[in-house]
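Below: run_29.cif (mmCIF, C-alpha atoms and all ligand atoms)
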data_query
loop_
_atom_site.group_PDB
_atom_site.id
_atom_site.type_symbol
_atom_site.label_atom_id
_atom_site.label_comp_id
_atom_site.auth_asym_id
_atom_site.auth_seq_id
_atom_site.Cartn_x
_atom_site.Cartn_y
_atom_site.Cartn_z
ATOM 1 C CA MET A 85 -7.294 41.214 -4.985
ATOM 2 C CA SER A 86 -5.244 38.705 -3.028
ATOM 3 C CA LEU A 87 -6.192 35.061 -3.228
ATOM 4 C CA PRO A 88 -7.020 32.910 -0.202
ATOM 5 C CA VAL A 89 -4.010 30.711 0.628
ATOM 6 C CA GLU A 90 -3.807 27.731 2.979
ATOM 7 C CA ARG A 91 -0.464 26.091 3.740
ATOM 8 C CA GLN A 92 0.334 22.663 5.165
ATOM 9 C CA PRO A 93 3.707 21.065 5.763
ATOM 10 C CA LEU A 94 4.146 17.751 3.952
ATOM 11 C CA HIS A 95 5.929 14.684 5.270
ATOM 12 C CA VAL A 96 9.533 14.736 4.007
ATOM 13 C CA PRO A 97 11.142 11.306 4.400
ATOM 14 C CA PRO A 98 14.858 10.761 3.642
ATOM 15 C CA MET A 99 15.325 10.763 -0.134
ATOM 16 C CA GLU A 100 17.125 7.392 -0.149
ATOM 17 C CA GLU A 101 14.121 5.855 1.614
ATOM 18 C CA VAL A 102 11.696 7.329 -0.934
ATOM 19 C CA ALA A 103 13.906 6.012 -3.741
ATOM 20 C CA ALA A 104 13.703 2.483 -2.308
ATOM 21 C CA VAL A 105 9.902 2.680 -1.938
ATOM 22 C CA LEU A 106 9.506 3.926 -5.518
ATOM 23 C CA GLN A 107 11.976 1.460 -7.012
ATOM 24 C CA SER A 108 10.146 -1.480 -5.543
ATOM 25 C CA ALA A 109 6.875 -0.253 -7.123
ATOM 26 C CA VAL A 110 8.465 0.568 -10.483
ATOM 27 C CA ARG A 111 9.945 -2.938 -10.692
ATOM 28 C CA LYS A 112 6.506 -4.460 -10.115
ATOM 29 C CA ASN A 113 4.975 -2.406 -12.943
ATOM 30 C CA PHE A 114 7.838 -2.345 -15.473
ATOM 31 C CA ALA A 115 10.212 -5.019 -16.784
ATOM 32 C CA GLU A 116 13.180 -2.768 -16.002
ATOM 33 C CA GLY A 117 13.439 0.174 -13.671
ATOM 34 C CA THR A 118 15.632 2.013 -11.223
ATOM 35 C CA VAL A 119 14.975 4.852 -8.802
ATOM 36 C CA THR A 120 18.109 6.500 -7.494
ATOM 37 C CA VAL A 121 19.170 9.637 -5.681
ATOM 38 C CA VAL A 122 21.339 11.608 -8.083
ATOM 39 C CA GLU A 123 22.875 15.029 -8.486
ATOM 40 C CA CYS A 124 20.358 16.762 -10.734
ATOM 41 C CA PRO A 125 21.733 16.999 -14.277
ATOM 42 C CA ASP A 126 21.751 20.494 -15.778
ATOM 43 C CA LEU A 127 18.132 20.599 -16.918
ATOM 44 C CA THR A 128 18.793 23.580 -19.167
ATOM 45 C CA LYS A 129 20.778 21.224 -21.441
ATOM 46 C CA LYS A 130 19.497 18.796 -24.055
ATOM 47 C CA PRO A 131 17.389 16.718 -24.035
ATOM 48 C CA TYR A 132 15.542 18.503 -21.190
ATOM 49 C CA CYS A 133 15.862 22.158 -22.273
ATOM 50 C CA LEU A 134 14.149 23.561 -19.177
ATOM 51 C CA GLY A 135 14.330 27.134 -17.926
ATOM 52 C CA ALA A 136 16.399 26.397 -14.809
ATOM 53 C CA ALA A 137 19.234 24.026 -14.016
ATOM 54 C CA GLY A 138 17.598 22.071 -11.201
ATOM 55 C CA LEU A 139 14.573 21.387 -8.986
ATOM 56 C CA CYS A 140 16.195 22.199 -5.656
ATOM 57 C CA GLY A 141 15.949 24.918 -3.020
ATOM 58 C CA SER A 142 12.720 25.436 -1.028
ATOM 59 C CA PRO A 143 10.706 22.815 -2.959
ATOM 60 C CA ARG A 144 6.940 23.242 -2.621
ATOM 61 C CA LEU A 145 3.710 22.283 -4.317
ATOM 62 C CA ALA A 146 0.585 24.324 -4.902
ATOM 63 C CA ASP A 147 -2.893 23.341 -5.987
ATOM 64 C CA VAL A 148 -4.560 26.433 -7.414
ATOM 65 C CA GLY A 149 -8.292 26.717 -8.117
ATOM 66 C CA GLY A 150 -9.697 23.428 -9.314
ATOM 67 C CA VAL A 151 -11.861 21.439 -11.690
ATOM 68 C CA PRO A 152 -15.031 22.875 -10.030
ATOM 69 C CA TYR A 153 -14.198 26.187 -11.771
ATOM 70 C CA LEU A 154 -14.462 24.377 -15.144
ATOM 71 C CA ILE A 155 -17.198 21.855 -14.485
ATOM 72 C CA PRO A 156 -20.180 21.793 -14.713
ATOM 73 C CA LEU A 157 -19.807 25.240 -16.320
ATOM 74 C CA VAL A 158 -16.774 27.475 -16.686
ATOM 75 C CA GLN A 159 -16.157 30.431 -14.376
ATOM 76 C CA LYS A 160 -14.244 32.669 -16.773
ATOM 77 C CA ASP A 161 -13.277 35.150 -14.075
ATOM 78 C CA LYS A 162 -10.962 32.581 -12.433
ATOM 79 C CA LEU A 163 -7.715 34.014 -13.802
ATOM 80 C CA TYR A 164 -4.262 33.653 -12.266
ATOM 81 C CA ASP A 165 -0.693 34.582 -13.082
ATOM 82 C CA VAL A 166 2.275 32.327 -12.343
ATOM 83 C CA LYS A 167 4.300 35.381 -11.231
ATOM 84 C CA ASP A 168 1.674 36.152 -8.549
ATOM 85 C CA LEU A 169 1.323 32.481 -7.605
ATOM 86 C CA ALA A 170 5.087 32.343 -6.994
ATOM 87 C CA LYS A 171 4.555 35.115 -4.422
ATOM 88 C CA SER A 172 1.603 33.234 -2.931
ATOM 89 C CA VAL A 173 3.867 30.236 -2.286
ATOM 90 C CA GLU A 174 6.387 32.587 -0.628
ATOM 91 C CA LEU A 175 9.008 32.099 -3.332
ATOM 92 C CA PRO A 176 8.790 35.143 -5.640
ATOM 93 C CA ASP A 177 12.023 34.170 -7.445
ATOM 94 C CA SER A 178 11.257 30.623 -8.380
ATOM 95 C CA PHE A 179 11.301 28.005 -11.086
ATOM 96 C CA VAL A 180 7.737 26.820 -11.594
ATOM 97 C CA VAL A 181 6.619 23.747 -13.525
ATOM 98 C CA GLY A 182 3.080 22.508 -13.666
ATOM 99 C CA ALA A 183 -0.138 21.463 -15.317
ATOM 100 C CA GLY A 184 -3.199 23.671 -15.640
ATOM 101 C CA ALA A 185 -5.521 25.509 -17.987
ATOM 102 C CA GLY A 186 -4.194 28.148 -20.375
ATOM 103 C CA PRO A 187 -4.967 31.880 -20.271
ATOM 104 C CA HIS A 188 -8.160 31.885 -22.375
ATOM 105 C CA ALA A 189 -8.255 35.684 -22.467
ATOM 106 C CA TYR A 190 -4.951 35.618 -24.403
ATOM 107 C CA VAL A 191 -5.298 32.330 -26.338
ATOM 108 C CA GLY A 192 -8.883 33.071 -27.334
ATOM 109 C CA VAL A 193 -10.166 29.630 -26.383
ATOM 110 C CA ASN A 194 -9.806 27.118 -23.599
ATOM 111 C CA SER A 195 -6.479 25.218 -23.625
ATOM 112 C CA GLU A 196 -4.085 22.973 -21.738
ATOM 113 C CA LEU A 197 -1.201 24.815 -20.072
ATOM 114 C CA ILE A 198 2.221 23.238 -19.773
ATOM 115 C CA ALA A 199 3.586 25.720 -17.236
ATOM 116 C CA HIS A 200 7.314 26.285 -17.226
ATOM 117 C CA VAL A 201 8.340 29.683 -15.871
ATOM 118 C CA VAL A 202 11.264 31.293 -14.088
ATOM 119 C CA THR A 203 9.840 34.222 -12.129
ATOM 120 C CA GLY A 204 11.625 37.255 -10.688
ATOM 121 C CA ASP A 205 14.510 39.288 -12.137
ATOM 122 C CA LYS A 206 15.835 36.492 -14.336
ATOM 123 C CA GLY A 207 12.330 35.977 -15.725
ATOM 124 C CA LEU A 208 11.948 33.395 -18.463
ATOM 125 C CA ASN A 209 8.711 31.980 -19.810
ATOM 126 C CA GLU A 210 8.966 28.645 -21.604
ATOM 127 C CA SER A 211 5.288 27.741 -21.124
ATOM 128 C CA ARG A 212 3.284 26.182 -23.915
ATOM 129 C CA ILE A 213 -0.411 25.797 -24.470
ATOM 130 C CA ALA A 214 -2.137 23.063 -26.450
ATOM 131 C CA LYS A 215 -5.520 23.821 -27.953
ATOM 132 C CA ILE A 216 -7.975 22.365 -30.440
ATOM 133 C CA ASP A 217 -7.953 24.210 -33.757
ATOM 134 C CA ALA A 218 -10.803 24.725 -36.224
ATOM 135 C CA ALA A 219 -10.056 21.367 -37.900
ATOM 136 C CA ALA A 220 -10.253 19.564 -34.516
ATOM 137 C CA LYS A 221 -6.470 19.065 -34.548
ATOM 138 C CA CYS A 222 -4.170 19.724 -31.628
ATOM 139 C CA GLU A 223 -2.109 22.892 -31.931
ATOM 140 C CA LEU A 224 0.875 23.697 -29.713
ATOM 141 C CA GLN A 225 1.835 27.322 -29.067
ATOM 142 C CA LYS A 226 4.729 28.774 -27.114
ATOM 143 C CA LEU A 227 3.482 31.664 -25.000
ATOM 144 C CA PRO A 228 5.212 35.058 -25.292
ATOM 145 C CA GLN A 229 7.596 36.089 -22.499
ATOM 146 C CA ASN A 230 5.090 38.442 -20.859
ATOM 147 C CA GLN A 231 2.197 35.981 -20.959
ATOM 148 C CA THR A 232 2.479 34.057 -17.687
ATOM 149 C CA GLY A 233 -1.262 33.886 -17.099
ATOM 150 C CA CYS A 234 -3.328 30.802 -16.472
ATOM 151 C CA ALA A 235 -6.938 30.096 -15.648
ATOM 152 C CA LEU A 236 -9.263 27.887 -13.595
ATOM 153 C CA MET A 237 -6.684 25.496 -12.151
ATOM 154 C CA LEU A 238 -2.964 24.849 -11.879
ATOM 155 C CA ASN A 239 -0.987 22.147 -10.120
ATOM 156 C CA MET A 240 2.509 23.540 -9.717
ATOM 157 C CA PHE A 241 5.882 22.697 -8.239
ATOM 158 C CA ALA A 242 8.109 25.633 -7.314
ATOM 159 C CA SER A 243 11.734 25.647 -6.237
ATOM 160 C CA GLU A 244 14.738 27.955 -6.437
ATOM 161 C CA GLY A 245 15.710 26.106 -9.606
ATOM 162 C CA ARG A 246 19.090 25.122 -8.196
ATOM 163 C CA ARG A 247 20.945 21.891 -8.749
ATOM 164 C CA GLY A 248 21.208 19.379 -5.918
ATOM 165 C CA LYS A 249 19.999 15.929 -4.968
ATOM 166 C CA VAL A 250 16.872 14.676 -6.733
ATOM 167 C CA LEU A 251 15.147 11.387 -7.443
ATOM 168 C CA ARG A 252 15.835 9.921 -10.872
ATOM 169 C CA VAL A 253 13.230 7.424 -12.033
ATOM 170 C CA TRP A 254 13.978 5.307 -15.053
ATOM 171 C CA ALA A 255 11.499 2.703 -16.271
ATOM 172 C CA LYS A 256 11.227 0.624 -19.419
ATOM 173 C CA LYS A 257 8.669 -1.830 -20.825
ATOM 174 C CA ARG A 258 5.454 -1.706 -18.817
ATOM 175 C CA THR A 259 4.225 -5.072 -17.581
ATOM 176 C CA GLY A 260 1.569 -3.809 -15.134
ATOM 177 C CA GLU A 261 -1.649 -1.879 -15.633
ATOM 178 C CA THR A 262 -0.642 1.357 -13.922
ATOM 179 C CA ASN A 263 0.680 4.510 -15.588
ATOM 180 C CA LEU A 264 4.025 5.875 -14.429
ATOM 181 C CA VAL A 265 2.746 8.714 -12.253
ATOM 182 C CA SER A 266 0.023 6.683 -10.527
ATOM 183 C CA CYS A 267 2.567 3.925 -9.924
ATOM 184 C CA LEU A 268 4.804 6.367 -8.043
ATOM 185 C CA ARG A 269 1.927 8.010 -6.164
ATOM 186 C CA GLN A 270 0.273 4.764 -5.108
ATOM 187 C CA ALA A 271 3.604 3.415 -3.853
ATOM 188 C CA LEU A 272 3.992 6.456 -1.601
ATOM 189 C CA GLU A 273 0.393 6.199 -0.423
ATOM 190 C CA SER A 274 0.681 2.547 0.510
ATOM 191 C CA HIS A 275 4.006 3.080 2.306
ATOM 192 C CA TYR A 276 3.339 6.379 4.087
ATOM 193 C CA GLY A 277 -0.403 6.005 4.700
ATOM 194 C CA GLU A 278 -1.980 9.141 6.164
ATOM 195 C CA LYS A 279 1.276 11.134 5.962
ATOM 196 C CA PRO A 280 1.177 13.084 2.681
ATOM 197 C CA VAL A 281 4.359 12.950 0.596
ATOM 198 C CA GLY A 282 4.491 15.253 -2.428
ATOM 199 C CA LEU A 283 6.729 15.174 -5.489
ATOM 200 C CA GLY A 284 7.194 17.646 -8.306
ATOM 201 C CA GLY A 285 9.371 17.778 -11.365
ATOM 202 C CA THR A 286 9.516 16.533 -14.870
ATOM 203 C CA PHE A 287 9.467 13.317 -16.845
ATOM 204 C CA ARG A 288 10.386 12.459 -20.378
ATOM 205 C CA LEU A 289 8.595 9.947 -22.533
ATOM 206 C CA VAL A 290 11.741 8.619 -24.198
ATOM 207 C CA ASN A 291 10.107 5.917 -26.293
ATOM 208 C CA GLY A 292 6.590 4.825 -27.131
ATOM 209 C CA SER A 293 3.502 6.998 -27.142
ATOM 210 C CA ALA A 294 1.045 8.387 -24.633
ATOM 211 C CA LYS A 295 -2.699 8.863 -24.455
ATOM 212 C CA CYS A 296 -3.296 12.533 -23.738
ATOM 213 C CA HIS A 297 -6.304 14.798 -23.783
ATOM 214 C CA VAL A 298 -6.728 18.383 -24.896
ATOM 215 C CA MET A 299 -9.681 20.448 -23.747
ATOM 216 C CA PRO A 300 -11.691 22.077 -26.532
ATOM 217 C CA GLU A 301 -13.508 25.399 -26.128
ATOM 218 C CA PHE A 302 -15.645 25.587 -22.984
ATOM 219 C CA SER A 303 -18.817 23.575 -23.014
ATOM 220 C CA THR A 304 -21.994 25.608 -23.174
ATOM 221 C CA VAL A 305 -24.016 22.756 -21.715
ATOM 222 C CA PRO A 306 -23.258 21.650 -18.150
ATOM 223 C CA LEU A 307 -20.886 18.660 -17.828
ATOM 224 C CA THR A 308 -22.274 16.702 -14.918
ATOM 225 C CA CYS A 309 -20.434 13.354 -14.883
ATOM 226 C CA ASP A 310 -17.165 11.758 -16.048
ATOM 227 C CA ASP A 311 -18.963 10.419 -19.110
ATOM 228 C CA ASP A 312 -19.977 13.961 -20.169
ATOM 229 C CA VAL A 313 -16.402 15.126 -19.614
ATOM 230 C CA ASN A 314 -14.887 12.282 -21.639
ATOM 231 C CA LYS A 315 -17.230 12.967 -24.555
ATOM 232 C CA TRP A 316 -16.280 16.644 -24.430
ATOM 233 C CA LEU A 317 -12.477 16.150 -24.239
ATOM 234 C CA HIS A 318 -10.401 15.376 -27.330
ATOM 235 C CA PHE A 319 -8.112 12.354 -26.915
ATOM 236 C CA PHE A 320 -4.861 11.750 -28.802
ATOM 237 C CA ASP A 321 -2.075 9.224 -28.952
ATOM 238 C CA PHE A 322 1.112 11.328 -29.022
ATOM 239 C CA PRO A 323 4.546 9.855 -29.903
ATOM 240 C CA ALA A 324 7.826 10.258 -27.984
ATOM 241 C CA PRO A 325 9.861 12.229 -27.355
ATOM 242 C CA MET A 326 7.707 14.285 -24.997
ATOM 243 C CA MET A 327 8.602 16.406 -21.989
ATOM 244 C CA PHE A 328 6.090 16.485 -19.111
ATOM 245 C CA MET A 329 5.744 18.783 -16.094
ATOM 246 C CA SER A 330 4.411 16.729 -13.223
ATOM 247 C CA THR A 331 3.117 16.944 -9.661
ATOM 248 C CA LEU A 332 1.777 14.308 -7.312
ATOM 249 C CA VAL A 333 0.872 13.947 -3.655
ATOM 250 C CA SER A 334 0.418 10.568 -2.017
ATOM 251 C CA LYS A 335 -2.650 11.522 0.007
ATOM 252 C CA ASP A 336 -4.993 14.501 0.179
ATOM 253 C CA PRO A 337 -4.673 15.874 3.727
ATOM 254 C CA GLY A 338 -8.159 17.381 3.497
ATOM 255 C CA LEU A 339 -7.386 20.258 1.117
ATOM 256 C CA ASP A 340 -9.515 19.066 -1.822
ATOM 257 C CA LEU A 341 -6.459 18.357 -3.964
ATOM 258 C CA ARG A 342 -5.943 16.903 -7.388
ATOM 259 C CA VAL A 343 -3.475 14.206 -6.297
ATOM 260 C CA GLU A 344 -1.659 13.841 -9.612
ATOM 261 C CA HIS A 345 -1.450 16.009 -12.693
ATOM 262 C CA SER A 346 1.010 16.006 -15.591
ATOM 263 C CA HIS A 347 1.039 18.007 -18.826
ATOM 264 C CA GLY A 348 3.623 17.737 -21.562
ATOM 265 C CA TYR A 349 4.611 18.508 -25.106
ATOM 266 C CA GLY A 350 6.410 17.052 -28.069
ATOM 267 C CA GLN A 351 7.380 18.546 -31.429
ATOM 268 C CA ASP A 352 4.083 20.260 -32.282
ATOM 269 C CA TYR A 353 1.551 18.733 -29.916
ATOM 270 C CA GLY A 354 0.873 18.576 -26.218
ATOM 271 C CA GLY A 355 -1.712 17.852 -23.553
ATOM 272 C CA HIS A 356 -2.731 16.117 -20.339
ATOM 273 C CA TYR A 357 -1.051 12.758 -19.609
ATOM 274 C CA HIS A 358 -3.224 9.711 -18.948
ATOM 275 C CA TYR A 359 -0.983 6.682 -19.673
ATOM 276 C CA ASP A 360 1.316 5.232 -22.290
ATOM 277 C CA THR A 361 -0.273 3.133 -25.021
ATOM 278 C CA THR A 362 2.861 1.161 -25.930
ATOM 279 C CA PRO A 363 3.710 -1.075 -22.977
ATOM 280 C CA ASP A 364 6.300 -3.120 -24.899
ATOM 281 C CA THR A 365 8.364 -0.201 -26.096
ATOM 282 C CA VAL A 366 7.696 2.525 -23.543
ATOM 283 C CA GLU A 367 10.600 4.140 -21.722
ATOM 284 C CA TYR A 368 10.492 6.963 -19.179
ATOM 285 C CA GLU A 369 13.110 9.067 -17.428
ATOM 286 C CA ALA A 370 11.950 11.338 -14.614
ATOM 287 C CA PHE A 371 13.468 13.762 -12.128
ATOM 288 C CA TYR A 372 11.456 14.661 -9.042
ATOM 289 C CA ASN A 373 12.164 16.489 -5.816
ATOM 290 C CA ILE A 374 10.305 15.990 -2.527
ATOM 291 C CA ALA A 375 8.150 18.995 -1.625
ATOM 292 C CA GLU A 376 8.221 20.478 1.886
ATOM 293 C CA TYR A 377 4.844 22.211 1.715
ATOM 294 C CA MET A 378 1.497 22.065 -0.016
ATOM 295 C CA PHE A 379 -0.169 25.407 -0.656
ATOM 296 C CA ARG A 380 -3.882 25.446 -1.415
ATOM 297 C CA ILE A 381 -4.738 28.620 -3.292
ATOM 298 C CA ASP A 382 -8.246 29.870 -4.094
ATOM 299 C CA ARG A 383 -9.833 26.583 -3.111
ATOM 300 C CA PRO A 384 -13.335 26.157 -4.564
ATOM 301 C CA GLN A 385 -16.095 26.530 -1.977
ATOM 302 C CA VAL A 386 -18.343 24.111 -3.820
ATOM 303 C CA THR A 387 -16.605 20.961 -4.926
ATOM 304 C CA HIS A 388 -17.104 17.544 -6.552
ATOM 305 C CA ASN A 389 -15.043 14.690 -7.940
ATOM 306 C CA VAL A 390 -16.022 14.847 -11.627
ATOM 307 C CA GLY A 391 -13.227 15.158 -14.188
ATOM 308 C CA ARG A 392 -10.207 14.641 -11.937
ATOM 309 C CA ASP A 393 -8.516 11.786 -13.831
HETATM 310 ZN ZN ZN B 401 -4.712 18.427 -17.032
#

Using structure tokens, write down the structure from this file.
Amino acid sequence: MSLPVERQPLHVPPMEEVAAVLQSAVRKNFAEGTVTVVECPDLTKKPYCLGAAGLCGSPRLADVGGVPYLIPLVQKDKLYDVKDLAKSVELPDSFVVGAGAGPHAYVGVNSELIAHVVTGDKGLNESRIAKIDAAAKCELQKLPQNQTGCALMLNMFASEGRRGKVLRVWAKKRTGETNLVSCLRQALESHYGEKPVGLGGTFRLVNGSAKCHVMPEFSTVPLTCDDDVNKWLHFFDFPAPMMFMSTLVSKDPGLDLRVEHSHGYGQDYGGHYHYDTTPDTVEYEAFYNIAEYMFRIDRPQVTHNVGRD
């Protein structure tokens, strides 16, 4: 069955202009920071170790499903596959990074998905899931090559995975109250107003640690407010180094979007990024590209704003 797909062009300002807007915000929120337009380093190399060399070529974002398929109660039939989603965003041979929910049919329980897939002939699946084990600890698993499924929701950035010009964000020692991703998103929102600007890519927590959550098995009682959700989620403070897959859009152009979403992993742990917990020692390095389109796939008919942080 094919999924309903809506597509909207995003505002694509000159990259140098976006860099200036972001740098000004980063310098207000961090003691040191630069945002520059650079030739994307080879992201297959250390310390990034991604599945494709770059984030360039037909860059686009997609918001698939949504929190309403998880909350108040799970809809277990909401299953997707990154390979099919790549076709839905009209880029069947693509490099996809993103944040979503893991394939519960395969994993056996609910989980966080750190999506990281090259689709098409050169197929490569580097995705991980993070789940809560029987001892209430976080467990990280690399998914097998043929397991490119996901469930409920996915915020993804797709490109041809080529090298080219990207934004490099570097920030050290947080002096403000805002996490890295919100800092970037809010800067774009205040500068570009109603015009939605979307970014996708990856960031590294180089130093410090980050508050992350991992979803446990699905709740059998309805979760009806943020308080319910926060009591249900498991929260952790994970140390650097961590690699995050990240998407953001400055403004929801009426598509019922999750405007920022980042999942990442370290040595043997992973989860959903909230903020760093070590302002004095934190250091980030990020690479983002500017997306040309936002695809809204299988948008929930009934929606709400619970659990979108
Ligand atoms: Zn998440």

**Report entry** Protein and nucleic residues near ligand ZN 401 (chain B), 10 Å, only C-alpha atoms and all ligand atoms, as a list in words
**Finding:** Val151, Gly182, Ala183, Gly184, Ala185, Ser195, Glu196, Leu197, Ile198, Met237, Leu238, Asn239, Cys296, His297, Val298, Met299, Arg342, Glu344, His345, Ser346, His347, Gly348, Gly355, His356, Tyr357, His358, Gly391, Arg392 and Asp393 of chain A

Hey, can you spit out that residue selection with C-alpha atoms as a PDB file, keeping the file's coordinate frame?
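Contents of out-v6.pdb, as written:
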ATOM      1  CA  VAL A 151     -11.861  21.439 -11.690  1.00  0.00           C
ATOM      2  CA  GLY A 182       3.080  22.508 -13.666  1.00  0.00           C
ATOM      3  CA  ALA A 183      -0.138  21.463 -15.317  1.00  0.00           C
ATOM      4  CA  GLY A 184      -3.199  23.671 -15.640  1.00  0.00           C
ATOM      5  CA  ALA A 185      -5.521  25.509 -17.987  1.00  0.00           C
ATOM      6  CA  SER A 195      -6.479  25.218 -23.625  1.00  0.00           C
ATOM      7  CA  GLU A 196      -4.085  22.973 -21.738  1.00  0.00           C
ATOM      8  CA  LEU A 197      -1.201  24.815 -20.072  1.00  0.00           C
ATOM      9  CA  ILE A 198       2.221  23.238 -19.773  1.00  0.00           C
ATOM     10  CA  MET A 237      -6.684  25.496 -12.151  1.00  0.00           C
ATOM     11  CA  LEU A 238      -2.964  24.849 -11.879  1.00  0.00           C
ATOM     12  CA  ASN A 239      -0.987  22.147 -10.120  1.00  0.00           C
ATOM     13  CA  CYS A 296      -3.296  12.533 -23.738  1.00  0.00           C
ATOM     14  CA  HIS A 297      -6.304  14.798 -23.783  1.00  0.00           C
ATOM     15  CA  VAL A 298      -6.728  18.383 -24.896  1.00  0.00           C
ATOM     16  CA  MET A 299      -9.681  20.448 -23.747  1.00  0.00           C
ATOM     17  CA  ARG A 342      -5.943  16.903  -7.388  1.00  0.00           C
ATOM     18  CA  GLU A 344      -1.659  13.841  -9.612  1.00  0.00           C
ATOM     19  CA  HIS A 345      -1.450  16.009 -12.693  1.00  0.00           C
ATOM     20  CA  SER A 346       1.010  16.006 -15.591  1.00  0.00           C
ATOM     21  CA  HIS A 347       1.039  18.007 -18.826  1.00  0.00           C
ATOM     22  CA  GLY A 348       3.623  17.737 -21.562  1.00  0.00           C
ATOM     23  CA  GLY A 355      -1.712  17.852 -23.553  1.00  0.00           C
ATOM     24  CA  HIS A 356      -2.731  16.117 -20.339  1.00  0.00           C
ATOM     25  CA  TYR A 357      -1.051  12.758 -19.609  1.00  0.00           C
ATOM     26  CA  HIS A 358      -3.224   9.711 -18.948  1.00  0.00           C
ATOM     27  CA  GLY A 391     -13.227  15.158 -14.188  1.00  0.00           C
ATOM     28  CA  ARG A 392     -10.207  14.641 -11.937  1.00  0.00           C
ATOM     29  CA  ASP A 393      -8.516  11.786 -13.831  1.00  0.00           C
TER      30      ASP A 393
END

Report task. Tell me, as a list in words, which residues lie within 12 Å of Pro325 (chain A), counting all atoms listed in the file; anything in the same chain fewer than 5 positions away does not count. Result -> Pro131, Tyr132, Phe287, Arg288, Leu289, Val290, Asn291, Gly292, Ser293, Ala294, Gly348, Tyr349, Gly350, Gln351, Asp352, Tyr353, Gly354, Val366, Glu367, Tyr368 and Glu369 of chain A

Just to be explicit: take each residue in the selection above, keep C-alpha atoms, and write the result as a PDB file, in the coordinates of the input.
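Writing the result to out_8.pdb gives the following:
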ATOM      1  CA  PRO A 131      17.389  16.718 -24.035  1.00  0.00           C
ATOM      2  CA  TYR A 132      15.542  18.503 -21.190  1.00  0.00           C
ATOM      3  CA  PHE A 287       9.467  13.317 -16.845  1.00  0.00           C
ATOM      4  CA  ARG A 288      10.386  12.459 -20.378  1.00  0.00           C
ATOM      5  CA  LEU A 289       8.595   9.947 -22.533  1.00  0.00           C
ATOM      6  CA  VAL A 290      11.741   8.619 -24.198  1.00  0.00           C
ATOM      7  CA  ASN A 291      10.107   5.917 -26.293  1.00  0.00           C
ATOM      8  CA  GLY A 292       6.590   4.825 -27.131  1.00  0.00           C
ATOM      9  CA  SER A 293       3.502   6.998 -27.142  1.00  0.00           C
ATOM     10  CA  ALA A 294       1.045   8.387 -24.633  1.00  0.00           C
ATOM     11  CA  GLY A 348       3.623  17.737 -21.562  1.00  0.00           C
ATOM     12  CA  TYR A 349       4.611  18.508 -25.106  1.00  0.00           C
ATOM     13  CA  GLY A 350       6.410  17.052 -28.069  1.00  0.00           C
ATOM     14  CA  GLN A 351       7.380  18.546 -31.429  1.00  0.00           C
ATOM     15  CA  ASP A 352       4.083  20.260 -32.282  1.00  0.00           C
ATOM     16  CA  TYR A 353       1.551  18.733 -29.916  1.00  0.00           C
ATOM     17  CA  GLY A 354       0.873  18.576 -26.218  1.00  0.00           C
ATOM     18  CA  VAL A 366       7.696   2.525 -23.543  1.00  0.00           C
ATOM     19  CA  GLU A 367      10.600   4.140 -21.722  1.00  0.00           C
ATOM     20  CA  TYR A 368      10.492   6.963 -19.179  1.00  0.00           C
ATOM     21  CA  GLU A 369      13.110   9.067 -17.428  1.00  0.00           C
TER      22      GLU A 369
END

Query - Contacts of Pro187 (chain A) at 10 Å (all atoms listed in the file; same-chain gap of 6+ positions) as a ChimeraX atom specification - result: /A:160,162-165,193-197,213,227,231-236

Would you place a box with edges along x, y and z of the file around all atoms of region 214-217 of chain A listed there, add 6 Å to each of its six sides, and report the centre and edge lengths in Å to one decimal, as AutoDock Vina command-line options?
--center_x -5.1 --center_y 23.3 --center_z -30.1 --size_x 17.8 --size_y 13.8 --size_z 19.3

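If you look at CA of Pro88 (chain A) and CA of Ile381 (chain A), they are 5.8 Å away from each other.
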
Query raised in the report: Got a sec to resolve the PyMOL selection byres (((chain A and resi 142) around 8) and not hetatm) on this structure and send the residues as a ChimeraX atom specification?
Result: /A:140-141,143-144,175,242-244,375-376

Query raised in the report: By how many Å are CA of Val250 (chain A) and CA of Ala137 (chain A) apart?
Result: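 Interatomic distance here is 12.1 Å.
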
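Nearest-residue note for Ile216 (chain A): choosing from A:Arg252, A:Pro280, A:Phe302, A:Pro384, the minimum distance belongs to A:Phe302, counting all atoms listed in the file.
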
Query - Residues returned when the PyMOL selection byres (((chain A and resi 310) around 12) and not hetatm) runs on this file, as a ChimeraX atom specification - result: /A:151,155-156,306-309,311-317,388-393
